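What follows is model_1.txt (compact mmCIF, N, CA and C atoms).
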# COMPACT_ATOMS: atom_id res chain seq x y z
N MET S 531 36.70 -44.02 43.04
CA MET S 531 37.66 -43.71 44.09
C MET S 531 39.01 -43.32 43.50
N THR S 532 39.24 -43.54 42.27
CA THR S 532 40.53 -43.19 41.67
C THR S 532 40.72 -41.68 41.56
N ASN S 533 39.68 -40.90 41.74
CA ASN S 533 39.78 -39.44 41.69
C ASN S 533 39.96 -38.82 43.07
N LEU S 534 40.23 -39.62 44.06
CA LEU S 534 40.42 -39.15 45.44
C LEU S 534 41.59 -38.18 45.50
N GLU S 535 41.39 -37.00 46.12
CA GLU S 535 42.44 -35.99 46.19
C GLU S 535 43.09 -35.90 47.56
N THR S 536 42.34 -36.18 48.62
CA THR S 536 42.86 -36.08 49.98
C THR S 536 42.49 -37.35 50.75
N LEU S 537 43.51 -37.90 51.45
CA LEU S 537 43.27 -39.09 52.28
C LEU S 537 44.03 -38.90 53.59
N ASP S 538 43.28 -38.61 54.66
CA ASP S 538 43.90 -38.39 55.97
C ASP S 538 43.40 -39.48 56.92
N LEU S 539 44.30 -40.42 57.21
CA LEU S 539 43.98 -41.53 58.11
C LEU S 539 44.78 -41.43 59.41
N SER S 540 45.25 -40.24 59.74
CA SER S 540 46.08 -40.07 60.93
C SER S 540 45.25 -40.24 62.20
N HIS S 541 45.93 -40.64 63.28
CA HIS S 541 45.33 -40.80 64.61
C HIS S 541 44.16 -41.79 64.61
N ASN S 542 44.31 -42.93 63.95
CA ASN S 542 43.23 -43.91 63.88
C ASN S 542 43.59 -45.28 64.45
N ASN S 543 44.73 -45.41 65.12
CA ASN S 543 45.18 -46.70 65.66
C ASN S 543 45.24 -47.79 64.58
N LEU S 544 45.61 -47.41 63.38
CA LEU S 544 45.74 -48.38 62.30
C LEU S 544 47.03 -49.17 62.48
N SER S 545 47.02 -50.43 62.10
CA SER S 545 48.24 -51.23 62.13
C SER S 545 48.31 -52.02 60.83
N GLY S 546 49.52 -52.41 60.47
CA GLY S 546 49.71 -53.15 59.24
C GLY S 546 50.59 -52.37 58.29
N MET S 547 50.59 -52.80 57.04
CA MET S 547 51.42 -52.17 56.02
C MET S 547 50.57 -51.22 55.18
N ILE S 548 51.22 -50.22 54.58
CA ILE S 548 50.52 -49.31 53.68
C ILE S 548 50.35 -50.02 52.35
N PRO S 549 49.12 -50.15 51.87
CA PRO S 549 48.93 -50.83 50.58
C PRO S 549 49.38 -49.93 49.43
N PRO S 550 49.70 -50.51 48.29
CA PRO S 550 50.08 -49.69 47.15
C PRO S 550 48.87 -48.86 46.68
N LEU S 551 49.08 -47.59 46.54
CA LEU S 551 47.98 -46.69 46.13
C LEU S 551 48.34 -45.93 44.86
N GLU S 552 49.15 -46.52 43.99
CA GLU S 552 49.59 -45.84 42.78
C GLU S 552 48.44 -45.45 41.86
N SER S 553 47.33 -46.18 41.95
CA SER S 553 46.20 -45.89 41.07
C SER S 553 45.50 -44.59 41.44
N LEU S 554 45.80 -44.05 42.62
CA LEU S 554 45.20 -42.79 43.05
C LEU S 554 46.07 -41.63 42.55
N SER S 555 46.03 -41.40 41.26
CA SER S 555 46.93 -40.42 40.64
C SER S 555 46.55 -38.98 40.99
N PHE S 556 45.35 -38.72 41.48
CA PHE S 556 44.95 -37.37 41.84
C PHE S 556 45.24 -37.04 43.31
N LEU S 557 45.74 -38.00 44.04
CA LEU S 557 45.99 -37.84 45.48
C LEU S 557 47.08 -36.79 45.71
N SER S 558 46.70 -35.66 46.31
CA SER S 558 47.66 -34.59 46.55
C SER S 558 48.00 -34.43 48.03
N LYS S 559 47.12 -34.88 48.91
CA LYS S 559 47.37 -34.83 50.35
C LYS S 559 47.11 -36.21 50.93
N PHE S 560 48.07 -36.68 51.73
CA PHE S 560 47.98 -38.03 52.29
C PHE S 560 48.63 -38.02 53.66
N SER S 561 47.98 -38.62 54.65
CA SER S 561 48.59 -38.72 55.98
C SER S 561 48.12 -39.99 56.68
N VAL S 562 49.10 -40.72 57.21
CA VAL S 562 48.83 -41.88 58.06
C VAL S 562 49.60 -41.71 59.37
N ALA S 563 49.88 -40.46 59.72
CA ALA S 563 50.67 -40.16 60.91
C ALA S 563 49.97 -40.64 62.18
N TYR S 564 50.77 -40.95 63.21
CA TYR S 564 50.30 -41.34 64.53
C TYR S 564 49.42 -42.59 64.51
N ASN S 565 49.91 -43.62 63.83
CA ASN S 565 49.29 -44.93 63.83
C ASN S 565 50.36 -45.94 64.23
N ASP S 566 50.13 -47.20 63.98
CA ASP S 566 51.11 -48.25 64.29
C ASP S 566 51.41 -49.05 63.03
N LEU S 567 51.78 -48.34 61.97
CA LEU S 567 52.04 -48.98 60.69
C LEU S 567 53.48 -49.47 60.64
N TYR S 568 53.75 -50.48 59.80
CA TYR S 568 55.10 -51.03 59.68
C TYR S 568 55.39 -51.37 58.23
N GLY S 569 56.64 -51.62 57.95
CA GLY S 569 57.04 -52.05 56.61
C GLY S 569 57.61 -50.91 55.79
N ILE S 570 57.74 -51.16 54.52
CA ILE S 570 58.34 -50.20 53.60
C ILE S 570 57.25 -49.28 53.05
N ILE S 571 57.52 -48.00 53.07
CA ILE S 571 56.59 -47.03 52.49
C ILE S 571 56.62 -47.21 50.97
N PRO S 572 55.45 -47.38 50.35
CA PRO S 572 55.44 -47.53 48.88
C PRO S 572 56.17 -46.36 48.22
N HIS S 573 56.92 -46.64 47.16
CA HIS S 573 57.74 -45.59 46.57
C HIS S 573 57.30 -45.21 45.16
N GLY S 574 56.16 -45.66 44.74
CA GLY S 574 55.68 -45.31 43.40
C GLY S 574 54.62 -44.23 43.46
N GLY S 575 54.30 -43.69 42.33
CA GLY S 575 53.21 -42.73 42.21
C GLY S 575 53.43 -41.48 43.04
N GLN S 576 52.39 -41.07 43.73
CA GLN S 576 52.40 -39.82 44.49
C GLN S 576 53.20 -39.89 45.79
N PHE S 577 53.60 -41.06 46.24
CA PHE S 577 54.27 -41.19 47.54
C PHE S 577 55.56 -40.37 47.62
N LEU S 578 56.17 -40.10 46.47
CA LEU S 578 57.40 -39.31 46.47
C LEU S 578 57.14 -37.85 46.79
N THR S 579 55.89 -37.41 46.68
CA THR S 579 55.56 -35.99 46.90
C THR S 579 55.07 -35.69 48.31
N PHE S 580 54.79 -36.72 49.10
CA PHE S 580 54.24 -36.48 50.43
C PHE S 580 55.36 -36.16 51.42
N PRO S 581 55.12 -35.19 52.32
CA PRO S 581 56.17 -34.82 53.29
C PRO S 581 56.34 -35.89 54.38
N GLU S 582 57.44 -35.79 55.09
CA GLU S 582 57.75 -36.73 56.17
C GLU S 582 56.66 -36.71 57.25
N SER S 583 56.03 -35.57 57.44
CA SER S 583 54.98 -35.46 58.46
C SER S 583 53.78 -36.36 58.15
N SER S 584 53.64 -36.79 56.92
CA SER S 584 52.54 -37.70 56.56
C SER S 584 52.70 -39.08 57.19
N PHE S 585 53.93 -39.38 57.63
CA PHE S 585 54.22 -40.72 58.15
C PHE S 585 54.73 -40.70 59.59
N GLU S 586 54.79 -39.54 60.23
CA GLU S 586 55.44 -39.45 61.54
C GLU S 586 54.74 -40.26 62.61
N GLU S 587 55.55 -40.67 63.59
CA GLU S 587 55.13 -41.48 64.74
C GLU S 587 54.68 -42.89 64.35
N ASN S 588 55.10 -43.35 63.20
CA ASN S 588 54.96 -44.75 62.81
C ASN S 588 56.38 -45.30 62.82
N THR S 589 56.86 -45.65 63.99
CA THR S 589 58.29 -45.96 64.18
C THR S 589 58.74 -47.21 63.43
N LYS S 590 57.82 -48.01 62.95
CA LYS S 590 58.19 -49.24 62.25
C LYS S 590 58.14 -49.08 60.73
N LEU S 591 57.89 -47.86 60.26
CA LEU S 591 57.90 -47.60 58.82
C LEU S 591 59.30 -47.25 58.38
N CYS S 592 59.65 -47.59 57.15
CA CYS S 592 60.95 -47.23 56.61
C CYS S 592 60.84 -47.05 55.11
N GLY S 593 61.87 -46.44 54.56
CA GLY S 593 61.92 -46.24 53.13
C GLY S 593 61.84 -44.78 52.75
N LEU S 594 61.81 -44.52 51.44
CA LEU S 594 61.82 -43.17 50.88
C LEU S 594 62.97 -42.35 51.46
N GLN S 595 62.69 -41.11 51.79
CA GLN S 595 63.75 -40.25 52.33
C GLN S 595 63.85 -40.37 53.85
N PHE S 596 63.13 -41.29 54.43
CA PHE S 596 63.11 -41.44 55.88
C PHE S 596 64.12 -42.49 56.32
N VAL S 597 63.87 -43.14 57.42
CA VAL S 597 64.77 -44.16 57.98
C VAL S 597 64.99 -45.27 56.95
N SER S 598 66.25 -45.65 56.78
CA SER S 598 66.52 -46.74 55.86
C SER S 598 66.03 -48.05 56.47
N CYS S 599 65.54 -48.92 55.63
CA CYS S 599 64.99 -50.18 56.11
C CYS S 599 66.08 -51.07 56.72
N GLN S 600 67.31 -50.97 56.24
CA GLN S 600 68.39 -51.80 56.78
C GLN S 600 68.72 -51.38 58.20
N SER S 601 68.77 -50.09 58.50
CA SER S 601 69.07 -49.68 59.88
C SER S 601 67.93 -50.04 60.81
N GLN S 602 66.70 -50.02 60.29
CA GLN S 602 65.56 -50.39 61.13
C GLN S 602 65.59 -51.88 61.44
N VAL S 603 65.96 -52.72 60.47
CA VAL S 603 66.07 -54.16 60.72
C VAL S 603 67.14 -54.42 61.76
N HIS S 604 68.25 -53.67 61.69
CA HIS S 604 69.33 -53.80 62.68
C HIS S 604 68.83 -53.43 64.07
N GLN S 605 68.08 -52.34 64.19
CA GLN S 605 67.55 -51.93 65.49
C GLN S 605 66.58 -52.96 66.04
N GLN S 606 65.73 -53.53 65.17
CA GLN S 606 64.77 -54.53 65.62
C GLN S 606 65.47 -55.80 66.07
N SER S 607 66.55 -56.20 65.38
CA SER S 607 67.26 -57.41 65.79
C SER S 607 67.97 -57.19 67.11
N GLU S 608 68.52 -55.98 67.35
CA GLU S 608 69.13 -55.68 68.65
C GLU S 608 68.09 -55.73 69.75
N ALA S 609 66.91 -55.19 69.50
CA ALA S 609 65.84 -55.20 70.50
C ALA S 609 65.41 -56.62 70.81
N SER S 610 65.35 -57.49 69.80
CA SER S 610 64.93 -58.87 70.06
C SER S 610 65.99 -59.63 70.84
N VAL S 611 67.28 -59.30 70.65
CA VAL S 611 68.35 -59.94 71.43
C VAL S 611 68.21 -59.55 72.89
N VAL S 612 67.98 -58.27 73.17
CA VAL S 612 67.81 -57.81 74.55
C VAL S 612 66.58 -58.45 75.17
N GLU S 613 65.50 -58.54 74.39
CA GLU S 613 64.26 -59.14 74.88
C GLU S 613 64.48 -60.61 75.22
N THR S 614 65.20 -61.33 74.36
CA THR S 614 65.50 -62.74 74.61
C THR S 614 66.34 -62.91 75.87
N ALA S 615 67.32 -62.02 76.05
CA ALA S 615 68.16 -62.09 77.25
C ALA S 615 67.32 -61.88 78.50
N ASN S 616 66.40 -60.93 78.46
CA ASN S 616 65.54 -60.68 79.62
C ASN S 616 64.64 -61.88 79.90
N ASP S 617 64.12 -62.52 78.85
CA ASP S 617 63.29 -63.71 79.03
C ASP S 617 64.09 -64.84 79.65
N THR S 618 65.35 -65.02 79.26
CA THR S 618 66.20 -66.07 79.79
C THR S 618 66.47 -65.86 81.26
N GLU S 619 66.71 -64.61 81.67
CA GLU S 619 66.96 -64.34 83.08
C GLU S 619 65.75 -64.72 83.92
N GLY S 620 64.56 -64.43 83.46
CA GLY S 620 63.35 -64.80 84.18
C GLY S 620 63.21 -66.30 84.30
N SER S 621 63.57 -67.03 83.24
CA SER S 621 63.49 -68.49 83.26
C SER S 621 64.47 -69.06 84.27
N ILE S 622 65.67 -68.50 84.32
CA ILE S 622 66.68 -68.99 85.26
C ILE S 622 66.22 -68.76 86.69
N GLU S 623 65.68 -67.60 86.97
CA GLU S 623 65.17 -67.32 88.32
C GLU S 623 64.05 -68.28 88.67
N PHE S 624 63.16 -68.53 87.74
CA PHE S 624 62.03 -69.41 87.99
C PHE S 624 62.50 -70.84 88.25
N LEU S 625 63.46 -71.31 87.47
CA LEU S 625 63.97 -72.67 87.64
C LEU S 625 64.88 -72.79 88.86
N GLY S 626 65.50 -71.70 89.27
CA GLY S 626 66.42 -71.73 90.40
C GLY S 626 65.73 -72.04 91.71
N LEU S 627 64.56 -71.51 91.94
CA LEU S 627 63.84 -71.73 93.19
C LEU S 627 63.47 -73.20 93.39
N PRO S 628 62.81 -73.86 92.45
CA PRO S 628 62.50 -75.28 92.64
C PRO S 628 63.76 -76.14 92.79
N PHE S 629 64.81 -75.81 92.04
CA PHE S 629 66.06 -76.56 92.14
C PHE S 629 66.65 -76.43 93.54
N GLY S 630 66.67 -75.21 94.07
CA GLY S 630 67.19 -74.98 95.42
C GLY S 630 66.39 -75.71 96.48
N ILE S 631 65.09 -75.69 96.35
CA ILE S 631 64.22 -76.40 97.30
C ILE S 631 64.49 -77.90 97.23
N GLY S 632 64.67 -78.42 96.02
CA GLY S 632 64.95 -79.85 95.85
C GLY S 632 66.27 -80.25 96.48
N VAL S 633 67.33 -79.44 96.32
CA VAL S 633 68.64 -79.76 96.89
C VAL S 633 68.56 -79.74 98.42
N VAL S 634 67.96 -78.71 98.98
CA VAL S 634 67.86 -78.60 100.44
C VAL S 634 67.02 -79.75 100.99
N SER S 635 65.90 -80.05 100.33
CA SER S 635 65.04 -81.15 100.80
C SER S 635 65.78 -82.47 100.76
N SER S 636 66.51 -82.73 99.70
CA SER S 636 67.27 -83.99 99.58
C SER S 636 68.32 -84.10 100.67
N PHE S 637 69.00 -83.01 100.95
CA PHE S 637 70.01 -83.01 102.00
C PHE S 637 69.39 -83.31 103.36
N LEU S 638 68.27 -82.63 103.67
CA LEU S 638 67.61 -82.85 104.96
C LEU S 638 67.08 -84.28 105.09
N VAL S 639 66.53 -84.84 104.03
CA VAL S 639 66.03 -86.22 104.07
C VAL S 639 67.20 -87.18 104.31
N THR S 640 68.33 -86.94 103.69
CA THR S 640 69.52 -87.80 103.87
C THR S 640 70.00 -87.73 105.31
N VAL S 641 70.08 -86.55 105.90
CA VAL S 641 70.52 -86.40 107.29
C VAL S 641 69.56 -87.09 108.23
N ILE S 642 68.28 -86.95 108.01
CA ILE S 642 67.27 -87.59 108.87
C ILE S 642 67.36 -89.11 108.77
N ILE S 643 67.52 -89.63 107.58
CA ILE S 643 67.63 -91.09 107.40
C ILE S 643 68.88 -91.61 108.11
N CYS S 644 70.00 -90.93 107.97
CA CYS S 644 71.23 -91.36 108.65
C CYS S 644 71.06 -91.33 110.18
N PHE S 645 70.43 -90.28 110.69
CA PHE S 645 70.22 -90.15 112.13
C PHE S 645 69.32 -91.28 112.64
N CYS S 646 68.21 -91.52 111.93
CA CYS S 646 67.28 -92.57 112.33
C CYS S 646 67.93 -93.95 112.20
N TRP S 647 68.76 -94.15 111.24
CA TRP S 647 69.43 -95.43 111.02
C TRP S 647 70.30 -95.78 112.23
N ARG S 648 70.99 -94.79 112.77
CA ARG S 648 71.83 -95.03 113.95
C ARG S 648 70.99 -95.31 115.19
N LEU S 649 69.81 -94.72 115.25
CA LEU S 649 68.94 -95.00 116.39
C LEU S 649 68.37 -96.42 116.31
N ILE S 650 68.02 -96.84 115.12
CA ILE S 650 67.43 -98.16 114.94
C ILE S 650 68.50 -99.25 115.03
N PHE S 651 69.63 -99.02 114.43
CA PHE S 651 70.71 -100.00 114.41
C PHE S 651 71.95 -99.40 115.04
N PRO S 652 72.00 -99.36 116.36
CA PRO S 652 73.20 -98.79 117.02
C PRO S 652 74.42 -99.66 116.80
N LYS S 653 75.61 -99.07 116.90
CA LYS S 653 76.85 -99.80 116.74
C LYS S 653 77.05 -100.69 117.97
N LYS S 654 77.42 -101.92 117.71
CA LYS S 654 77.66 -102.85 118.80
C LYS S 654 79.11 -102.66 119.27
N SER S 655 79.24 -102.51 120.55
CA SER S 655 80.60 -102.38 121.07
C SER S 655 81.19 -103.73 121.35
N MET S 656 82.44 -103.88 121.18
CA MET S 656 83.12 -105.14 121.35
C MET S 656 83.70 -105.29 122.70
File written out as structure tokens:
Amino acid sequence: MTNLETLDLSHNNLSGMIPPLESLSFLSKFSVAYNDLYGIIPHGGQFLTFPESSFEENTKLCGLQFVSCQSQVHQQSEASVVETANDTEGSIEFLGLPFGIGVVSSFLVTVIICFCWRLIFPKKSM
């Protein structure tokens, strides 16, 4: 397999990281485009010769002459902050309903007990 010249894995729903393929010294054409790959693109061996189109539509890949890994980490951390905020809003809404029902129920029970108490034990007039 070390004499492999062409490796086209595009459009295969692959996920994960690109393994180091430096031992494939004869590799002249390589494509993993339109998958769900992530991580740093290996920078040794033939990887320096492959065009950007070999990696396109893998939005989580970084390195080489493409998106810098630091800017991608920044974008991912911003996305996780927004995601966390959205999750918190849902939790507040979910907890708000039972809390509201509990407050209203407690108030109504208190009013009913006070009303019944006056019926059972009326004030004695002097």
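Put simply, atom N of Tyr564 (chain S) is 24.2 Å away from CA of Asn533 (chain S).
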| message | Report, in Å with one decimal, the straight-line distance from atom C of Asn565 (chain S) to atom N of Leu544 (chain S). | response |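 Taking atom C of Asn565 (chain S) as the start and atom N of Leu544 (chain S) as the end point, the length is 5.0 Å.
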Please list as a PDB file with N, CA and C atoms, in the frame of the given file every residue within 8 Å of Phe560 (chain S), counting all atoms listed in the file and excluding residues in the same chain fewer than 5 positions away.
ATOM      1  N   GLU S 535      41.390 -37.000  46.120  1.00  0.00           N
ATOM      2  CA  GLU S 535      42.440 -35.990  46.190  1.00  0.00           C
ATOM      3  C   GLU S 535      43.090 -35.900  47.560  1.00  0.00           C
ATOM      4  N   THR S 536      42.340 -36.180  48.620  1.00  0.00           N
ATOM      5  CA  THR S 536      42.860 -36.080  49.980  1.00  0.00           C
ATOM      6  C   THR S 536      42.490 -37.350  50.750  1.00  0.00           C
ATOM      7  N   LEU S 537      43.510 -37.900  51.450  1.00  0.00           N
ATOM      8  CA  LEU S 537      43.270 -39.090  52.280  1.00  0.00           C
ATOM      9  C   LEU S 537      44.030 -38.900  53.590  1.00  0.00           C
ATOM     10  N   ASP S 538      43.280 -38.610  54.660  1.00  0.00           N
ATOM     11  CA  ASP S 538      43.900 -38.390  55.970  1.00  0.00           C
ATOM     12  C   ASP S 538      43.400 -39.480  56.920  1.00  0.00           C
ATOM     13  N   LEU S 539      44.300 -40.420  57.210  1.00  0.00           N
ATOM     14  CA  LEU S 539      43.980 -41.530  58.110  1.00  0.00           C
ATOM     15  C   LEU S 539      44.780 -41.430  59.410  1.00  0.00           C
ATOM     16  N   SER S 540      45.250 -40.240  59.740  1.00  0.00           N
ATOM     17  CA  SER S 540      46.080 -40.070  60.930  1.00  0.00           C
ATOM     18  C   SER S 540      45.250 -40.240  62.200  1.00  0.00           C
ATOM     19  N   THR S 579      55.890 -37.410  46.680  1.00  0.00           N
ATOM     20  CA  THR S 579      55.560 -35.990  46.900  1.00  0.00           C
ATOM     21  C   THR S 579      55.070 -35.690  48.310  1.00  0.00           C
ATOM     22  N   PHE S 580      54.790 -36.720  49.100  1.00  0.00           N
ATOM     23  CA  PHE S 580      54.240 -36.480  50.430  1.00  0.00           C
ATOM     24  C   PHE S 580      55.360 -36.160  51.420  1.00  0.00           C
ATOM     25  N   PRO S 581      55.120 -35.190  52.320  1.00  0.00           N
ATOM     26  CA  PRO S 581      56.170 -34.820  53.290  1.00  0.00           C
ATOM     27  C   PRO S 581      56.340 -35.890  54.380  1.00  0.00           C
ATOM     28  N   SER S 583      56.030 -35.570  57.440  1.00  0.00           N
ATOM     29  CA  SER S 583      54.980 -35.460  58.460  1.00  0.00           C
ATOM     30  C   SER S 583      53.780 -36.360  58.150  1.00  0.00           C
ATOM     31  N   SER S 584      53.640 -36.790  56.920  1.00  0.00           N
ATOM     32  CA  SER S 584      52.540 -37.700  56.560  1.00  0.00           C
ATOM     33  C   SER S 584      52.700 -39.080  57.190  1.00  0.00           C
ATOM     34  N   PHE S 585      53.930 -39.380  57.630  1.00  0.00           N
ATOM     35  CA  PHE S 585      54.220 -40.720  58.150  1.00  0.00           C
ATOM     36  C   PHE S 585      54.730 -40.700  59.590  1.00  0.00           C
TER      37      PHE S 585
END
| Nearest to Phe577 (chain S) among S:Leu557, S:Cys592, S:Leu638, S:Leu534, with distances taken over only C-alpha atoms: which residue is it? |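 Distance minimum relative to Phe577 (chain S) lands on S:Leu557.
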| query | Quick one: residues within 6 Å of Thr532 (chain S), all atoms listed in the file counted, chain neighbours fewer than 5 positions away excluded, as a PyMOL selection string? | reply | chain S and resi 553-556
| request: Report the distance between CA of Gln576 (chain S) and atom N of Leu591 (chain S) in Å, rounded to one decimal place. | output: 18.5 Å
Box centre and edge lengths (Å, one decimal), axis-aligned, region 628-646 of chain S plus 8 Å each side, as AutoDock Vina command-line options:
--center_x 66.9 --center_y -83.9 --center_z 102.3 --size_x 24.7 --size_y 36.1 --size_z 36.6
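Closest approach to Lys590 (chain S) among S:Gly546, S:Gly575, S:Pro628, S:Gly569: S:Gly569, based on all atoms listed in the file.
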| field | Closest of S:Glu552, S:Val562, S:Ser636, S:Met547 to Leu578 (chain S) - atom-to-atom distances counting only C-alpha atoms | value |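 Distance minimum relative to Leu578 (chain S) lands on S:Glu552.
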